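Undergrad: Here you go, one structure.
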Amino acid sequence: MEADRAAPAPPADAGGDLPDERLQLFFTCAHPALAAEDRGALTLRCLAGLTTTEVARAFLLPSATMAQRIVRAKKKIRQARIPFRVPGADELPERLPGVLQVIYSIFTEGYAASSGARLQRLDLAEEAIRLARILRRLLPSEREVAGLLALMLLVHARREARTGPGGHIVLLDEQDRDRWDQSMIEEGGDLVLVALTGGPPGPYGVQAAIAALHDEAADVASTDWAQIVALYDVLVALAPSPVVALNRAAALAMRDGPEAGLALLDELADEPRLRGYHPYPTARADLLRRLGRFPEAAAAYREALELAGTEPERAHLRRRLHAVETPGA
């Protein structure tokens, strides 16, 4: 990895030659004979170095289910005698979506770790950005590559402001925006234009546009929440998922008020993929707190506390729980 970072950047016209061994393996594992979800799980577990629990979190699945999926993928490779070779240039576009998903999953684990003493794993986030930069140089006409790189840069730009001196979480509305990396924000903003120009937008381009609106605002209050909700509407149509629906509900709460957001969250209450996902009860608790429904908020914070994986997240939830248990104290 260190040698890769020190090596000269590959030329933009590198064609189908993958200059990075890890990317070669990612594309190799993105074989069409494997089911799409199995490809991603196998790559994250065996090549990206994530644990089974971390991979399960990326797919919103129980760890036992994910372990079975990884075993199934390995068995399929043996039985079908799938050849492990680097695909040719003509095969890259077909395999690209799976590779982008893997890179983004690595970044997500780096942005918000599944477990441990730290909120962020900057090494993983920076490795994902490094791989996306290589893909961007290799495939300059692929707008979703630009979109993914833009998204990660715009989010990673806030890394220094996301935690305080003791490692505690600093939420978006409390962050010192002067600590945000302006060069990353500018680069990400330029890439958003590339991702959204020349055809219908892709999911990464839309998410990058949402991140750009957050980064461009002077504070949370002046954020263009109407435009963010509109972009989430586009994203729901392009790539519907429980997490997208959850994020849209949170944005709607900022635009229309906590009651409107809570109504959407309640519609997701029976979604099985959100049952072990602590941001869901956390979002409900925050909206209930804003509505002054403190006993319900306390119950939701307790639920989130049981699910949270990192100590900074648990400490934050304990503070919020104490605040609603002793309002006015």
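Each chain in the structure tokens gets a letter, A, B and so on, in the order shown; residues start at 1 in every chain, and ligands are counted from 1 in the order they appear.
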Name the residues in contact with A:Gly116 at a cut-off of 7 Å, using only C-alpha atoms, excluding same-chain residues fewer than 5 positions from it; report them as a list in words.
TA: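 Skipping anything fewer than 5 positions along the chain leaves Gly309, Thr310 and Glu311 of chain A.
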Undergrad: Export N, CA, C and O atoms of the chosen residues as a PDB file, in the first residue's frame?
TA:
```
ATOM      1  N   GLY A 309     -22.098   0.786  18.408  1.00  0.00           N
ATOM      2  CA  GLY A 309     -20.913  -0.063  18.447  1.00  0.00           C
ATOM      3  C   GLY A 309     -19.658   0.599  18.973  1.00  0.00           C
ATOM      4  O   GLY A 309     -18.767  -0.086  19.469  1.00  0.00           O
ATOM      5  N   THR A 310     -19.543   1.929  18.856  1.00  0.00           N
ATOM      6  CA  THR A 310     -18.322   2.593  19.292  1.00  0.00           C
ATOM      7  C   THR A 310     -18.556   3.332  20.602  1.00  0.00           C
ATOM      8  O   THR A 310     -19.674   3.760  20.904  1.00  0.00           O
ATOM      9  N   GLU A 311     -17.490   3.517  21.347  1.00  0.00           N
ATOM     10  CA  GLU A 311     -17.605   4.206  22.626  1.00  0.00           C
ATOM     11  C   GLU A 311     -18.010   5.673  22.456  1.00  0.00           C
ATOM     12  O   GLU A 311     -18.831   6.172  23.238  1.00  0.00           O
TER      13      GLU A 311
END
```
Undergrad: Write out, as CSV, each residue of stretch 15-54 of chain A that has an atom at most 10 Å from stretch 75-99 of chain A, together with the closest pair of atoms and their distance in Å to one decimal, counting only C-alpha atoms, rows going by chain and rising number.
TA:
```
residue,atom,partner,partner_atom,distance
A:Gly15,CA,A:Ala89,CA,6.6
A:Gly16,CA,A:Ala89,CA,3.9
A:Asp17,CA,A:Ala89,CA,7.3
A:Leu18,CA,A:Val86,CA,8.3
A:Glu21,CA,A:Val86,CA,9.7
A:Leu23,CA,A:Val99,CA,8.1
A:Gln24,CA,A:Val86,CA,5.8
A:Leu25,CA,A:Val86,CA,7.1
A:Phe26,CA,A:Val99,CA,6.0
A:Phe27,CA,A:Val99,CA,6.3
A:Thr28,CA,A:Val86,CA,5.2
A:Cys29,CA,A:Phe84,CA,7.5
A:Ala30,CA,A:Arg95,CA,5.6
A:His31,CA,A:Arg95,CA,7.1
A:Pro32,CA,A:Arg95,CA,7.5
A:Ala33,CA,A:Ile82,CA,7.6
A:Leu34,CA,A:Lys76,CA,7.3
A:Ala35,CA,A:Lys76,CA,9.6
A:Ala36,CA,A:Gly98,CA,7.1
A:Glu37,CA,A:Gly98,CA,8.7
A:Asp38,CA,A:Lys76,CA,9.7
A:Arg39,CA,A:Gly98,CA,7.4
A:Gly40,CA,A:Gly98,CA,6.4
A:Thr43,CA,A:Val99,CA,8.8
```
Undergrad: Smallest atom-to-atom distance to A:Pro242: which of A:Leu305, A:Ala226, A:Ala315, A:Ala269, using only C-alpha atoms?
TA: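 Of A:Leu305, A:Ala226, A:Ala315, A:Ala269, the one nearest A:Pro242 is A:Ala269, counting only C-alpha atoms.
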Undergrad: Write out as a list in words the residues lying within 9 Å of stretch 190-200 of chain A, counting only C-alpha atoms and excluding same-chain residues fewer than 2 positions away.
TA: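 Selected residues are Glu142, Arg143, Glu144, Val145, Ala146, Gly147, Leu148, Leu149, Ala150, Leu151, Ile185, Glu186, Glu187, Gly188, Gly202, Tyr204, Gly205, Val206, Ala208, Ala209 and Ala212 of chain A.
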Undergrad: Between A:Met254, A:Ala298, A:Ile210, A:Ala73, which residue has the minimum interatomic distance to A:Val234, considering only C-alpha atoms?
TA: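 When distances to A:Val234 are compared using only C-alpha atoms, the smallest one comes from A:Ile210.
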Undergrad: Rank A:Arg318, A:Arg57, A:Arg162, A:His214 by their smallest atom-to-atom distance to A:Ala299, using only C-alpha atoms, and report the top residue only.
TA: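 Looking at the shortest contact to A:Ala299, the residue is A:Arg318.
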Undergrad: Have a look at atom CA of A:Pro165 and atom CA of A:Tyr277 and let me know their distance in Å, one decimal.
TA: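 Here the two named atoms are 26.9 Å from each other.
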